[in-house]
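protein_17.csv follows; it contains CSV, C-alpha atoms and all ligand atoms.
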chain,number,residue,atom,x,y,z
A,118,MET,CA,-23.8,9.0,29.7
A,119,ALA,CA,-20.8,7.0,30.7
A,120,ILE,CA,-17.5,8.7,31.2
A,121,LYS,CA,-15.0,7.3,28.8
A,122,ILE,CA,-11.3,7.5,29.6
A,123,VAL,CA,-8.5,6.4,27.3
A,124,THR,CA,-5.0,5.9,28.6
A,125,ILE,CA,-2.0,5.8,26.3
A,126,CYS,CA,1.3,4.3,27.4
A,127,GLY,CA,4.2,6.0,25.7
A,128,SER,CA,6.8,3.3,26.3
A,129,VAL,CA,6.9,0.1,24.2
A,130,ARG,CA,9.9,-1.4,26.0
A,131,PRO,CA,9.2,-4.9,27.4
A,132,GLY,CA,9.0,-4.5,31.1
A,133,ASN,CA,8.8,-0.7,30.9
A,134,TYR,CA,8.4,1.4,34.0
A,135,THR,CA,5.9,3.8,32.4
A,136,ALA,CA,3.3,0.9,32.3
A,137,MET,CA,4.1,0.2,36.0
A,138,ALA,CA,3.2,3.7,36.9
A,139,LEU,CA,0.2,3.6,34.6
A,140,ASN,CA,-1.1,0.4,36.2
A,141,ILE,CA,-1.6,2.3,39.5
A,142,ALA,CA,-3.6,5.0,37.6
A,143,LEU,CA,-5.6,2.3,36.0
A,144,ASP,CA,-6.3,0.7,39.4
A,145,GLU,CA,-7.5,4.0,40.6
A,146,LEU,CA,-9.8,4.5,37.5
A,147,ALA,CA,-11.3,1.1,38.2
A,148,LYS,CA,-12.7,2.4,41.4
A,149,PHE,CA,-15.2,4.6,39.5
A,150,PRO,CA,-18.2,2.4,38.4
A,151,ASP,CA,-19.4,5.1,36.0
A,152,VAL,CA,-16.1,5.3,34.2
A,153,GLU,CA,-15.3,3.2,31.2
A,154,VAL,CA,-11.6,2.8,30.6
A,155,THR,CA,-9.7,1.8,27.5
A,156,PRO,CA,-6.0,1.3,27.9
A,157,ILE,CA,-4.0,1.6,24.7
A,158,TYR,CA,-0.6,0.0,24.4
A,159,LEU,CA,1.3,1.3,21.3
A,160,GLU,CA,3.4,-1.8,20.7
A,161,LYS,CA,0.2,-3.5,19.5
A,162,LEU,CA,-0.7,-0.9,17.0
A,163,ASP,CA,2.1,-0.6,14.4
A,164,LEU,CA,1.4,3.1,13.9
A,165,PRO,CA,2.6,4.5,10.6
A,166,LEU,CA,5.1,7.4,10.3
A,167,PRO,CA,3.2,10.6,9.4
A,168,GLY,CA,2.3,10.5,5.7
A,169,LEU,CA,2.9,6.8,5.1
A,170,ALA,CA,0.2,4.2,4.6
A,171,ALA,CA,-0.8,2.2,7.6
A,172,GLN,CA,0.0,-1.6,7.5
A,173,ASN,CA,-3.0,-2.2,9.6
A,174,PRO,CA,-5.6,0.5,8.8
A,175,ASP,CA,-8.4,-1.1,10.7
A,176,ALA,CA,-6.4,-1.0,14.0
A,177,ILE,CA,-5.5,2.6,13.4
A,178,GLU,CA,-9.1,3.6,12.7
A,179,GLU,CA,-10.2,1.9,15.8
A,180,PHE,CA,-7.5,3.7,17.8
A,181,GLN,CA,-8.7,7.0,16.4
A,182,ARG,CA,-12.3,6.3,17.0
A,183,THR,CA,-11.6,5.2,20.6
A,184,VAL,CA,-9.8,8.5,21.3
A,185,LYS,CA,-12.4,10.6,19.5
A,186,GLU,CA,-15.2,9.1,21.6
A,187,ALA,CA,-13.3,9.6,24.8
A,188,THR,CA,-14.4,12.1,27.4
A,189,GLY,CA,-10.8,12.4,28.7
A,190,VAL,CA,-7.4,11.0,28.1
A,191,LEU,CA,-4.5,10.1,30.4
A,192,LEU,CA,-1.1,10.3,28.6
A,193,ALA,CA,1.8,8.5,30.3
A,194,SER,CA,5.1,9.1,28.7
A,195,PRO,CA,8.7,8.1,29.7
A,196,GLU,CA,11.3,10.8,29.5
A,197,TYR,CA,13.7,10.0,26.6
A,198,HIS,CA,16.5,12.4,25.9
A,199,GLY,CA,14.8,15.4,27.6
A,200,GLY,CA,11.5,14.9,25.8
A,201,ILE,CA,8.5,12.7,25.3
A,202,SER,CA,9.1,9.3,23.7
A,203,SER,CA,8.9,8.9,20.0
A,204,PRO,CA,6.0,6.4,20.3
A,205,MET,CA,4.0,8.9,22.3
A,206,LYS,CA,4.6,11.6,19.6
A,207,LEU,CA,3.8,9.2,16.9
A,208,ALA,CA,0.5,8.3,18.6
A,209,ILE,CA,-0.4,12.0,18.8
A,210,ASP,CA,0.6,12.5,15.2
A,211,ASN,CA,-1.7,9.7,14.2
A,212,LEU,CA,-4.7,11.4,15.9
A,213,GLY,CA,-5.4,13.7,13.0
A,214,PHE,CA,-4.9,17.3,12.0
A,215,PRO,CA,-7.0,18.8,13.5
A,216,SER,CA,-6.4,16.5,16.4
A,217,MET,CA,-9.0,14.2,17.9
A,218,LEU,CA,-7.5,15.3,21.3
A,219,ALA,CA,-9.0,18.8,20.8
A,220,ASP,CA,-11.3,19.9,23.6
A,221,LYS,CA,-10.5,16.9,25.7
A,222,PRO,CA,-9.1,17.2,29.2
A,223,ILE,CA,-5.8,15.4,29.5
A,224,SER,CA,-4.0,14.2,32.5
A,225,LEU,CA,-0.2,14.0,32.2
A,226,LEU,CA,2.0,11.4,33.8
A,227,GLY,CA,5.7,11.4,33.2
A,228,VAL,CA,8.3,8.7,34.2
A,229,ALA,CA,12.0,9.1,34.3
A,230,ALA,CA,15.1,7.4,35.6
A,231,GLY,CA,16.8,10.6,36.5
A,232,VAL,CA,16.7,12.6,39.7
A,233,ILE,CA,14.9,15.6,38.2
A,234,GLY,CA,12.1,13.4,37.0
A,235,ALA,CA,10.1,13.8,33.8
A,236,ILE,CA,10.0,17.6,34.0
A,237,LYS,CA,11.1,18.3,30.4
A,238,SER,CA,8.9,15.6,28.8
A,239,THR,CA,5.7,16.6,30.7
A,240,GLU,CA,6.2,20.2,29.9
A,241,GLN,CA,6.7,19.3,26.2
A,242,LEU,CA,3.6,17.1,26.4
A,243,ARG,CA,1.6,19.9,27.9
A,244,ALA,CA,2.8,22.2,25.1
A,245,ILE,CA,1.8,19.7,22.4
A,246,CYS,CA,-1.6,19.1,24.0
A,247,SER,CA,-2.3,22.8,24.3
A,248,HIS,CA,-1.2,23.3,20.7
A,249,VAL,CA,-3.7,20.7,19.4
A,250,GLY,CA,-6.5,22.4,21.4
A,251,ALA,CA,-6.7,19.8,24.2
A,252,ILE,CA,-7.0,20.8,27.9
A,253,PRO,CA,-4.0,19.6,29.8
A,254,LEU,CA,-4.9,19.6,33.5
A,255,PRO,CA,-2.8,21.8,35.8
A,256,MET,CA,-1.6,18.9,38.0
A,257,VAL,CA,1.2,17.0,36.4
A,258,VAL,CA,2.7,13.9,38.0
A,259,SER,CA,6.3,13.3,37.4
A,260,VAL,CA,8.0,10.1,38.7
A,261,ALA,CA,11.7,10.6,39.3
A,262,LYS,CA,14.3,7.8,40.0
A,263,VAL,CA,11.6,5.4,38.8
A,264,HIS,CA,13.9,2.4,39.2
A,265,GLN,CA,13.9,3.0,43.0
A,266,VAL,CA,10.2,3.7,43.2
A,267,PHE,CA,9.2,0.4,41.7
A,268,ASP,CA,10.6,-3.1,42.3
A,269,ALA,CA,11.3,-5.5,39.5
A,270,ASP,CA,7.7,-6.9,39.8
A,271,GLY,CA,6.2,-3.5,39.4
A,272,HIS,CA,5.3,-2.9,43.1
A,273,CYS,CA,5.5,0.7,44.2
A,274,GLN,CA,7.9,1.2,47.1
A,275,ASP,CA,6.9,4.8,47.7
A,276,ALA,CA,3.5,5.5,49.3
A,277,ASP,CA,3.6,9.2,48.6
A,278,MET,CA,4.4,8.7,44.9
A,279,GLU,CA,1.7,6.0,44.6
A,280,ASN,CA,-0.8,8.5,46.0
A,281,LEU,CA,0.3,11.1,43.5
A,282,ILE,CA,0.0,8.7,40.6
A,283,ARG,CA,-3.5,7.8,41.8
A,284,ARG,CA,-4.4,11.5,41.8
A,285,SER,CA,-3.4,11.8,38.2
A,286,ALA,CA,-6.4,9.5,37.5
A,287,SER,CA,-8.9,10.7,40.1
A,288,ASN,CA,-8.1,14.3,39.3
A,289,LEU,CA,-9.1,13.6,35.6
A,290,VAL,CA,-12.4,12.0,36.7
A,291,GLY,CA,-13.1,14.9,39.1
A,292,TYR,CA,-12.4,17.5,36.4
A,293,ILE,CA,-14.7,15.7,34.0
A,294,LYS,CA,-17.5,15.4,36.5
A,295,ASP,CA,-17.2,19.0,37.6
A,296,THR,CA,-17.0,20.6,34.1
A,297,VAL,CA,-17.6,18.3,31.1
A,298,CYS,CA,-20.6,16.5,32.7
A,299,ALA,CA,-22.0,19.7,34.1
A,300,LYS,CA,-21.8,21.2,30.6
A,301,ILE,CA,-23.5,18.2,29.1
A,302,SER,CA,-26.4,18.3,31.5
A,303,LEU,CA,-26.9,22.1,31.0
A,304,GLU,CA,-27.0,21.4,27.3
A,305,GLU,CA,-29.6,18.7,27.9
A,306,VAL,CA,-31.7,21.1,30.0
A,307,LEU,CA,-31.6,23.8,27.3
A,308,ARG,CA,-32.4,21.3,24.6
A,309,GLU,CA,-35.4,20.1,26.5
A,310,GLN,CA,-36.6,23.6,27.0
A,311,GLY,CA,-36.1,24.3,23.3
A,312,GLU,CA,-38.2,21.3,22.4
A,313,ARG,CA,-41.0,22.4,24.7
A,314,HIS,CA,-41.3,25.9,23.1
A,401,LIG,C1,16.2,6.4,24.5
A,401,LIG,C2,16.2,6.7,26.0
A,401,LIG,C3,16.4,7.9,26.4
A,401,LIG,C4,16.4,8.3,27.8
A,401,LIG,N1,16.6,9.6,28.2
A,401,LIG,C5,16.4,9.9,29.5
A,401,LIG,C6,16.4,11.2,29.9
A,401,LIG,O1,16.7,12.1,29.2
A,401,LIG,N2,16.2,11.5,31.3
A,401,LIG,C7,15.9,10.5,32.2
A,401,LIG,O2,15.7,10.8,33.4
A,401,LIG,N3,15.9,9.2,31.8
A,401,LIG,C8,16.0,8.9,30.5
A,401,LIG,N4,15.9,7.6,30.0
A,401,LIG,C9,15.6,6.6,31.0
A,401,LIG,C10,14.1,6.4,31.1
A,401,LIG,O3,13.4,7.5,31.7
A,401,LIG,C11,13.8,5.1,31.9
A,401,LIG,O4,14.0,4.0,31.0
A,401,LIG,C12,12.5,5.0,32.6
A,401,LIG,O5,12.4,3.7,33.1
A,401,LIG,C13,11.2,5.3,31.8
A,401,LIG,O6,11.2,4.6,30.6
A,401,LIG,P1,10.4,3.2,30.3
A,401,LIG,O7,9.0,3.5,30.6
A,401,LIG,O8,10.7,2.9,28.9
A,401,LIG,O9,11.0,2.2,31.3
A,401,LIG,C14,16.0,7.3,28.7
A,401,LIG,C15,15.8,5.9,28.2
A,401,LIG,C16,15.8,5.7,26.9
A,401,LIG,C17,15.5,4.3,26.4

In structure tokens, write the structure found in this file.
Ligand SMILES: Cc1cc2nc3c(=O)[nH]c(=O)nc-3n(C[C@H](O)[C@H](O)[C@H](O)COP(=O)(O)O)c2cc1C
Amino acid sequence: MAIKIVTICGSVRPGNYTAMALNIALDELAKFPDVEVTPIYLEKLDLPLPGLAAQNPDAIEEFQRTVKEATGVLLASPEYHGGISSPMKLAIDNLGFPSMLADKPISLLGVAAGVIGAIKSTEQLRAICSHVGAIPLPMVVSVAKVHQVFDADGHCQDADMENLIRRSASNLVGYIKDTVCAKISLEEVLREQGERH
């Protein structure tokens, strides 16, 4: 069974820095041949506000189906006003109640212009993920002073930070292989045994 990872970029600003950080995580995910990656960019989705009809229901259904079928999710959010971005919250609010994120391991990546980094937003994102029954991984990556970390072309100028961002991806794959996959194969063994008796 292929491991399916969905990434969601929580900034929709043209030229946003969250996508620059996420690009490094995506590059890391591409190193795993057994991992299928679906990056989701919210500016393409026109997500409805909660309770309102979708203008593009097919796209929203596909978004929901993609997340539902994912083995794990990487959420990358900018820090806006001490919290996660409104597009990221809207994306989570469009994933159902109960949430399609439930039971899924989630890697958290936060991006901020300020010196303290995306501490508040990643903590908030962790709380929301826990609330909906997802499994936010203990290691959270917060990029501070992001305008100094990346140049205008999106190249990372800080090797240590690049390494950390890469780990936000590899850590998720590692967690899935060690726990989710192990559980799946145990289930398969038990099912086979049950069929034999
Ligand atoms: C509406 C808004 C609010 C912001 N609030 C914060 C903040 O509270 N703390 C911070 O460090 N940076 C803040 N920023 C700066 C972003 O963190 C910065 O733009 C960074 O590049 C990540 O956002 P981006 O992915 O949209 O580029 C804010 C930016 C916007 C647009």

Handout entry: Selection as a ChimeraX atom specification: residues within 12 Å of ligand LIG 401 (chain A) by only C-alpha atoms and all ligand atoms
Key = /A:126-140,158,160,193-205,226-239,259-269,271

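Note that the spacing between CA of Ile120 in chain A and CA of Ser287 in chain A amounts to 12.5 Å.
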
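You will find CA of Ile122 in chain A at 20.7 Å from CA of Leu164 in chain A.
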
Practice task
Excluding Cys298 in chain A and any residue of its chain fewer than 3 positions from it, enumerate the residues within 12 Å of it, using all atoms listed in the file, and give them as an NGL selection string.
Solution key: :A and (118-121 or 151 or 188-189 or 290-295 or 301-305)

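Nearest-residue note for Val258 in chain A: choosing from A:Ala142, A:Val297, A:Gln181, A:Asp210, the minimum distance belongs to A:Ala142, counting all atoms listed in the file.
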
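Relative to CA of Lys206 in chain A, CA of Asp270 in chain A is found at 27.6 Å.
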
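For Met256 in chain A, the non-local neighbours within 10 Å, defined as residues at least 2 positions apart in the same chain or in other chains and counting all atoms listed in the file, are A:Ser224, A:Leu225, A:Leu226, A:Pro253, A:Leu254, A:Val258, A:Ser259, A:Leu281, A:Arg284, A:Ser285, A:Asn288, A:Leu289.
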
Those residues you just picked out, can you put them in a file as a PDB file, keeping the file's coordinate frame with C-alpha atoms?
ATOM      1  CA  SER A 224      -4.000  14.200  32.500  1.00  0.00           C
ATOM      2  CA  LEU A 225      -0.200  14.000  32.200  1.00  0.00           C
ATOM      3  CA  LEU A 226       2.000  11.400  33.800  1.00  0.00           C
ATOM      4  CA  PRO A 253      -4.000  19.600  29.800  1.00  0.00           C
ATOM      5  CA  LEU A 254      -4.900  19.600  33.500  1.00  0.00           C
ATOM      6  CA  VAL A 258       2.700  13.900  38.000  1.00  0.00           C
ATOM      7  CA  SER A 259       6.300  13.300  37.400  1.00  0.00           C
ATOM      8  CA  LEU A 281       0.300  11.100  43.500  1.00  0.00           C
ATOM      9  CA  ARG A 284      -4.400  11.500  41.800  1.00  0.00           C
ATOM     10  CA  SER A 285      -3.400  11.800  38.200  1.00  0.00           C
ATOM     11  CA  ASN A 288      -8.100  14.300  39.300  1.00  0.00           C
ATOM     12  CA  LEU A 289      -9.100  13.600  35.600  1.00  0.00           C
TER      13      LEU A 289
END

Exercise for the section: Mind checking which residues fall within 7 Å of range 246-251 of chain A, counting only C-alpha atoms, ignoring those fewer than 2 positions away in the same chain, and posting them as a ChimeraX atom specification? Expected result: /A:216,218-223,242-244,253

Practice task
Considering only C-alpha atoms, state which residue in the set A:Ala208, A:Ala276, A:Val190, A:Ile141 is at the smallest distance from Val123 in chain A.
Solution key: A:Val190
